[in-house]
>>> print(open('start_1.cif').read())   # mmCIF, C-alpha atoms
data_structure
loop_
_atom_site.label_atom_id
_atom_site.label_comp_id
_atom_site.auth_asym_id
_atom_site.auth_seq_id
_atom_site.Cartn_x
_atom_site.Cartn_y
_atom_site.Cartn_z
CA MET A 1 -5.02 11.13 -0.17
CA LYS A 2 -4.21 10.42 3.47
CA VAL A 3 -5.61 12.74 6.13
CA TRP A 4 -5.00 12.65 9.88
CA ILE A 5 -7.19 14.53 12.34
CA ILE A 6 -5.44 16.06 15.36
CA ILE A 7 -7.48 16.78 18.50
CA PRO A 8 -5.86 18.38 21.57
CA ALA A 9 -8.00 17.64 24.63
CA TYR A 10 -8.05 18.79 28.23
CA ASN A 11 -10.80 17.42 30.51
CA GLU A 12 -13.22 16.81 27.63
CA ALA A 13 -14.12 13.15 28.17
CA ASP A 14 -17.86 13.50 27.48
CA SER A 15 -17.74 15.60 24.31
CA LEU A 16 -14.60 13.85 23.05
CA GLY A 17 -16.30 10.45 23.00
CA VAL A 18 -19.16 11.77 20.85
CA LEU A 19 -16.73 13.46 18.44
CA LEU A 20 -14.45 10.45 18.09
CA ASN A 21 -17.34 8.09 17.53
CA SER A 22 -18.57 10.29 14.66
CA LEU A 23 -15.10 10.50 13.10
CA ASN A 24 -14.65 6.73 13.39
CA LYS A 25 -17.84 6.21 11.40
CA LYS A 26 -16.32 8.37 8.67
CA GLY A 27 -13.17 6.25 8.67
CA PHE A 28 -10.62 8.90 9.66
CA SER A 29 -7.30 8.32 11.38
CA VAL A 30 -7.33 10.41 14.57
CA LEU A 31 -4.53 11.46 16.90
CA VAL A 32 -5.59 12.76 20.31
CA VAL A 33 -3.22 14.57 22.64
CA ASP A 34 -4.44 14.40 26.23
CA ASP A 35 -3.02 17.59 27.70
CA GLY A 36 -2.73 16.50 31.33
CA SER A 37 -6.43 15.82 31.92
CA PHE A 38 -7.62 14.60 35.31
CA ASP A 39 -10.98 13.25 34.12
CA LYS A 40 -11.43 10.24 31.79
CA THR A 41 -10.23 12.01 28.63
CA TYR A 42 -7.27 9.63 28.24
CA GLN A 43 -9.39 6.50 28.67
CA THR A 44 -11.97 7.80 26.20
CA ALA A 45 -9.28 8.64 23.66
CA LYS A 46 -7.69 5.20 24.03
CA LYS A 47 -11.06 3.60 23.32
CA TYR A 48 -11.76 5.46 20.07
CA ALA A 49 -8.66 7.21 18.65
CA THR A 50 -6.05 5.73 16.33
CA VAL A 51 -3.12 7.17 18.32
CA VAL A 52 -3.14 8.79 21.76
CA LEU A 53 -0.31 10.88 23.19
CA ARG A 54 -0.37 12.10 26.78
CA ASN A 55 1.24 15.13 28.41
CA LYS A 56 2.26 14.70 32.04
CA ARG A 57 0.58 17.99 32.89
CA ASN A 58 -1.44 20.75 31.23
CA PHE A 59 1.03 22.48 28.90
CA GLY A 60 -1.41 24.19 26.52
CA LYS A 61 -3.03 23.77 23.14
CA GLY A 62 -0.03 25.00 21.18
CA LEU A 63 2.38 22.49 22.63
CA SER A 64 -0.16 19.69 22.17
CA ILE A 65 -0.56 20.47 18.47
CA LYS A 66 3.21 20.83 18.06
CA THR A 67 3.71 17.43 19.71
CA ALA A 68 1.11 15.82 17.44
CA VAL A 69 2.59 17.35 14.29
CA GLU A 70 6.11 16.22 15.20
CA TYR A 71 4.83 12.70 15.88
CA LEU A 72 3.02 12.42 12.55
CA LEU A 73 5.89 13.86 10.52
CA LYS A 74 8.23 11.32 12.08
CA ASN A 75 5.99 8.25 12.08
CA GLU A 76 3.24 8.49 9.46
CA LYS A 77 2.82 9.07 5.74
CA PHE A 78 0.08 11.62 5.13
CA ASP A 79 -0.90 14.47 2.84
CA TYR A 80 -2.92 16.70 5.19
CA ILE A 81 -3.89 17.18 8.79
CA ILE A 82 -7.14 18.60 10.09
CA THR A 83 -7.13 20.13 13.57
CA MET A 84 -10.31 20.13 15.63
CA ASP A 85 -11.28 21.10 19.18
CA ALA A 86 -12.45 18.43 21.61
CA ASP A 87 -15.25 20.43 23.24
CA GLY A 88 -17.96 19.78 20.64
CA GLN A 89 -17.81 23.23 19.03
CA HIS A 90 -16.61 21.77 15.71
CA SER A 91 -19.07 19.63 13.75
CA PRO A 92 -17.79 16.37 12.22
CA ASP A 93 -20.14 17.08 9.31
CA ASP A 94 -17.91 19.99 8.29
CA VAL A 95 -14.89 17.72 7.89
CA ASP A 96 -16.14 16.66 4.46
CA ASN A 97 -16.01 20.28 3.30
CA PHE A 98 -12.34 20.50 4.28
CA ILE A 99 -11.60 17.25 2.45
CA ALA A 100 -13.28 18.68 -0.64
CA GLN A 101 -10.90 21.66 -0.49
CA ALA A 102 -7.92 19.31 -0.17
CA SER A 103 -9.13 17.48 -3.28
CA LYS A 104 -8.93 20.81 -5.11
CA GLY A 105 -5.31 21.20 -4.05
CA GLU A 106 -5.75 23.90 -1.39
CA ALA A 107 -2.80 24.02 1.01
CA CYS A 108 -4.31 25.75 4.04
CA VAL A 109 -8.03 26.12 4.77
CA VAL A 110 -9.48 27.77 7.88
CA GLY A 111 -13.00 27.53 9.23
CA ASN A 112 -14.96 30.78 9.39
CA ARG A 113 -17.65 31.23 12.05
CA MET A 114 -17.91 34.99 11.77
CA ASP A 115 -20.54 35.25 9.05
CA ASN A 116 -23.07 33.63 11.37
CA PRO A 117 -21.63 33.40 14.91
CA ILE A 118 -24.76 32.03 16.56
CA GLY A 119 -24.24 31.57 20.30
CA MET A 120 -20.71 32.99 20.34
CA PRO A 121 -20.29 35.35 23.34
CA GLY A 122 -20.11 39.01 22.40
CA LEU A 123 -16.65 39.46 23.91
CA ARG A 124 -15.35 36.54 21.85
CA ILE A 125 -16.79 38.04 18.67
CA THR A 126 -15.09 41.37 19.31
CA THR A 127 -11.78 39.76 20.28
CA ASN A 128 -11.81 37.49 17.23
CA LYS A 129 -12.48 40.40 14.89
CA VAL A 130 -9.65 42.48 16.33
CA MET A 131 -7.16 39.61 16.28
CA SER A 132 -8.20 38.56 12.79
CA LYS A 133 -7.60 42.07 11.43
CA ILE A 134 -4.14 42.14 12.99
CA VAL A 135 -3.15 38.69 11.75
CA SER A 136 -4.59 39.36 8.28
CA ARG A 137 -2.51 42.52 8.02
CA ILE A 138 0.67 40.71 9.03
CA ALA A 139 -0.09 37.76 6.75
CA ARG A 140 -1.11 40.10 3.92
CA GLN A 141 -4.14 37.94 3.30
CA SER A 142 -7.76 38.34 4.33
CA ILE A 143 -8.54 35.74 7.00
CA PRO A 144 -11.88 36.51 8.69
CA ASP A 145 -11.56 34.04 11.60
CA THR A 146 -7.91 33.56 12.43
CA GLN A 147 -8.70 32.19 15.89
CA CYS A 148 -10.71 29.24 14.60
CA GLY A 149 -8.93 25.98 15.41
CA PHE A 150 -10.83 23.97 12.80
CA ARG A 151 -8.51 23.92 9.81
CA LEU A 152 -6.84 21.86 7.10
CA ILE A 153 -3.06 22.05 6.59
CA LYS A 154 -0.94 20.37 3.92
CA ARG A 155 2.07 18.34 5.01
CA GLU A 156 4.52 20.49 3.07
CA ILE A 157 3.51 23.51 5.16
CA LEU A 158 4.22 21.63 8.36
CA GLU A 159 7.62 20.65 6.98
CA ALA A 160 8.36 24.26 5.95
CA ILE A 161 7.54 26.06 9.20
CA LYS A 162 8.77 25.74 12.78
CA LEU A 163 6.12 25.94 15.48
CA ARG A 164 7.24 27.50 18.75
CA THR A 165 4.23 28.72 20.75
CA ARG A 166 2.66 26.66 23.55
CA LYS A 167 -0.77 28.20 24.09
CA PHE A 168 -3.62 29.59 21.96
CA GLU A 169 -1.23 31.75 19.91
CA ILE A 170 -0.65 28.60 17.84
CA GLU A 171 -3.71 29.56 15.74
CA SER A 172 -2.08 32.81 14.65
CA GLU A 173 1.44 31.42 14.40
CA ILE A 174 0.50 28.76 11.87
CA LEU A 175 -1.30 31.22 9.60
CA ILE A 176 1.40 33.89 9.70
CA LYS A 177 4.25 31.47 9.11
CA ALA A 178 2.38 29.62 6.35
CA SER A 179 1.68 32.94 4.65
CA ARG A 180 5.30 34.07 4.97
CA ALA A 181 6.34 30.77 3.41
CA GLY A 182 4.25 31.69 0.37
CA TYR A 183 1.09 29.65 0.89
CA PRO A 184 -2.38 31.07 0.18
CA ILE A 185 -4.93 30.70 2.98
CA LYS A 186 -8.55 30.00 2.16
CA SER A 187 -11.53 30.33 4.50
CA ILE A 188 -14.73 28.30 4.36
CA PRO A 189 -17.90 28.67 6.46
CA ILE A 190 -18.43 26.22 9.30
CA LYS A 191 -21.17 25.76 11.86
CA SER A 192 -20.89 27.83 15.01
CA ILE A 193 -21.72 25.49 17.91
CA TYR A 194 -21.94 26.88 21.42
CA PHE A 195 -23.67 25.34 24.42
CA LYS A 196 -25.32 27.04 27.36
CA ASN A 197 -23.07 27.26 30.43
CA GLN A 198 -20.10 25.99 28.41
CA HIS A 199 -16.88 27.27 29.97
CA SER A 200 -14.24 28.46 27.53
CA LYS A 201 -10.61 27.60 28.26
CA ILE A 202 -9.60 30.89 26.68
CA ASN A 203 -8.94 33.64 29.20
CA PRO A 204 -9.82 36.93 27.46
CA PHE A 205 -7.28 38.87 29.53
CA THR A 206 -4.20 36.65 29.77
CA ASP A 207 -4.56 35.12 26.30
CA THR A 208 -5.01 38.54 24.69
CA ILE A 209 -1.83 39.76 26.42
CA ARG A 210 -0.04 36.61 25.27
CA PHE A 211 -1.29 37.20 21.71
CA PHE A 212 0.10 40.74 21.58
CA GLY A 213 3.37 39.52 23.09
CA PHE A 214 3.61 36.96 20.28
CA ILE A 215 2.86 39.62 17.66
CA SER A 216 5.51 41.97 19.08
CA ARG A 217 8.14 39.22 18.96
CA LEU A 218 7.27 38.53 15.32
CA LYS A 219 8.02 42.12 14.38
CA LYS A 220 11.51 42.09 15.91
#
>>> encode(input="start_1.cif", output="structure tokens")
Amino acid sequence: MKVWIIIPAYNEADSLGVLLNSLNKKGFSVLVVDDGSFDKTYQTAKKYATVVLRNKRNFGKGLSIKTAVEYLLKNEKFDYIITMDADGQHSPDDVDNFIAQASKGEACVVGNRMDNPIGMPGLRITTNKVMSKIVSRIARQSIPDTQCGFRLIKREILEAIKLRTRKFEIESEILIKASRAGYPIKSIPIKSIYFKNQHSKINPFTDTIRFFGFISRLKK
């Protein structure tokens, strides 16, 4: 079973190096998309990652994941991808739990932080719960943490769906389209890692508006 890990990164040189070093020790193939960073993210990725793609400017997480998926489908033989964030909030130790689910034949597995969201800001908890209820209703499956970017996706899902969003709506788009294509979605608990004074790239106002815009377009 061949698994590639996709990591979109924007100005995450310090945390990215630690993450990539851990994944290298586990022997994973890793594709990093540098989304127009102006720190040393690209240099760090080139040092540790298997493949590095680079956007000319900051386009957004959705477009970075879309670019990575298109690259792998065209150039590599693989069975699954795992997507992870570059900011250190996803533990490399949890990767093994996703691999175990792949070994059981699961097609789409999403990390769930909501049972024990230690350190997660209160506003994020509320927003995640609201969005997860909406996405679960549309997908007709219970998905407690639809906004978690730590997930395992089978190649056949990526071949069956067309990704279109460019920002953080990508998390919801993948789940809804996979569900509509007939794939069950499983959730597994993961560690909730948050650091003091860590600045989230999610804007609660603009990204929430963008989310509801995406949902309204789906219903048309």
>>> resolve_selection(input="start_1.cif", expression="the PyMOL selection byres ((chain A and resi 24-32) around 8)", output="VMD selection string")
chain A and resid 3 to 9 20 to 23 33 to 34 45 48 to 53 68
>>> closest_residue(input="start_1.cif", among="A:Ala178, A:Cys148, A:Ile215, A:Ile190", to="Val135 in chain A", atoms="only C-alpha atoms")
A:Ile215
>>> resolve_selection(input="start_1.cif", expression="the PyMOL selection byres ((chain A and resi 110) around 9)", output="ChimeraX atom specification")
/A:98,108-109,111-112,143,145-146,148-153,185-189
>>> closest_residue(input="start_1.cif", among="A:Ile174, A:Leu19, A:Ile99, A:Leu163", to="Tyr80 in chain A", atoms="all atoms listed in the file")
A:Ile99
>>> residues_around(input="start_1.cif", residues="Thr44 in chain A", least_positions_apart="6", cutoff="8 Å", atoms="only C-alpha atoms", output="list in words")
Ala13, Leu16 and Gly17 of chain A
>>> build_atoms(input="start_1.cif", residues="range 29-59 of chain A", atoms="N, CA and C atoms", output="short mmCIF file (atom, residue, chain, number, x, y, z; two decimals), keeping the file's coordinate frame")
data_model
loop_
_atom_site.label_atom_id
_atom_site.label_comp_id
_atom_site.auth_asym_id
_atom_site.auth_seq_id
_atom_site.Cartn_x
_atom_site.Cartn_y
_atom_site.Cartn_z
N SER A 29 -8.34 8.57 10.40
CA SER A 29 -7.30 8.32 11.38
C SER A 29 -7.24 9.54 12.30
N VAL A 30 -7.24 9.30 13.61
CA VAL A 30 -7.33 10.41 14.57
C VAL A 30 -6.22 10.27 15.62
N LEU A 31 -5.53 11.39 15.84
CA LEU A 31 -4.53 11.46 16.90
C LEU A 31 -5.04 12.42 17.96
N VAL A 32 -5.17 11.93 19.18
CA VAL A 32 -5.59 12.76 20.31
C VAL A 32 -4.40 13.00 21.23
N VAL A 33 -4.22 14.25 21.62
CA VAL A 33 -3.22 14.57 22.64
C VAL A 33 -3.96 14.95 23.91
N ASP A 34 -3.85 14.10 24.93
CA ASP A 34 -4.44 14.40 26.23
C ASP A 34 -3.47 15.32 26.96
N ASP A 35 -3.90 16.57 27.15
CA ASP A 35 -3.02 17.59 27.70
C ASP A 35 -3.11 17.65 29.23
N GLY A 36 -2.77 16.53 29.87
CA GLY A 36 -2.73 16.50 31.33
C GLY A 36 -4.08 16.48 31.99
N SER A 37 -5.08 15.86 31.36
CA SER A 37 -6.43 15.82 31.92
C SER A 37 -6.47 15.02 33.22
N PHE A 38 -7.42 15.39 34.09
CA PHE A 38 -7.62 14.60 35.31
C PHE A 38 -9.00 13.95 35.34
N ASP A 39 -9.73 14.01 34.22
CA ASP A 39 -10.98 13.25 34.12
C ASP A 39 -10.68 11.99 33.28
N LYS A 40 -11.63 11.47 32.56
CA LYS A 40 -11.43 10.24 31.79
C LYS A 40 -11.14 10.51 30.32
N THR A 41 -10.58 11.68 30.02
CA THR A 41 -10.23 12.01 28.63
C THR A 41 -9.28 10.98 28.03
N TYR A 42 -8.25 10.59 28.77
CA TYR A 42 -7.27 9.63 28.24
C TYR A 42 -7.92 8.28 27.95
N GLN A 43 -8.73 7.80 28.87
CA GLN A 43 -9.39 6.50 28.67
C GLN A 43 -10.35 6.54 27.48
N THR A 44 -11.06 7.66 27.34
CA THR A 44 -11.97 7.80 26.20
C THR A 44 -11.21 7.82 24.89
N ALA A 45 -10.10 8.57 24.87
CA ALA A 45 -9.28 8.64 23.66
C ALA A 45 -8.71 7.28 23.30
N LYS A 46 -8.25 6.53 24.29
CA LYS A 46 -7.69 5.20 24.03
C LYS A 46 -8.74 4.26 23.44
N LYS A 47 -9.98 4.47 23.80
CA LYS A 47 -11.06 3.60 23.32
C LYS A 47 -11.37 3.86 21.84
N TYR A 48 -11.28 5.11 21.41
CA TYR A 48 -11.76 5.46 20.07
C TYR A 48 -10.68 5.93 19.08
N ALA A 49 -9.62 6.58 19.56
CA ALA A 49 -8.66 7.21 18.65
C ALA A 49 -7.66 6.21 18.09
N THR A 50 -7.06 6.56 16.96
CA THR A 50 -6.05 5.73 16.33
C THR A 50 -4.75 5.77 17.12
N VAL A 51 -4.33 6.96 17.52
CA VAL A 51 -3.12 7.17 18.32
C VAL A 51 -3.46 8.15 19.44
N VAL A 52 -2.94 7.88 20.63
CA VAL A 52 -3.14 8.79 21.76
C VAL A 52 -1.78 9.12 22.38
N LEU A 53 -1.51 10.41 22.49
CA LEU A 53 -0.31 10.88 23.19
C LEU A 53 -0.78 11.56 24.47
N ARG A 54 0.07 11.56 25.49
CA ARG A 54 -0.37 12.10 26.78
C ARG A 54 0.70 12.98 27.40
N ASN A 55 0.35 14.24 27.68
CA ASN A 55 1.24 15.13 28.41
C ASN A 55 1.13 14.86 29.91
N LYS A 56 2.25 14.97 30.61
CA LYS A 56 2.26 14.70 32.04
C LYS A 56 1.45 15.74 32.82
N ARG A 57 1.39 16.95 32.27
CA ARG A 57 0.58 17.99 32.89
C ARG A 57 0.02 18.89 31.80
N ASN A 58 -0.78 19.87 32.18
CA ASN A 58 -1.44 20.75 31.23
C ASN A 58 -0.45 21.80 30.71
N PHE A 59 0.05 21.56 29.49
CA PHE A 59 1.03 22.48 28.90
C PHE A 59 0.39 23.53 28.01
#
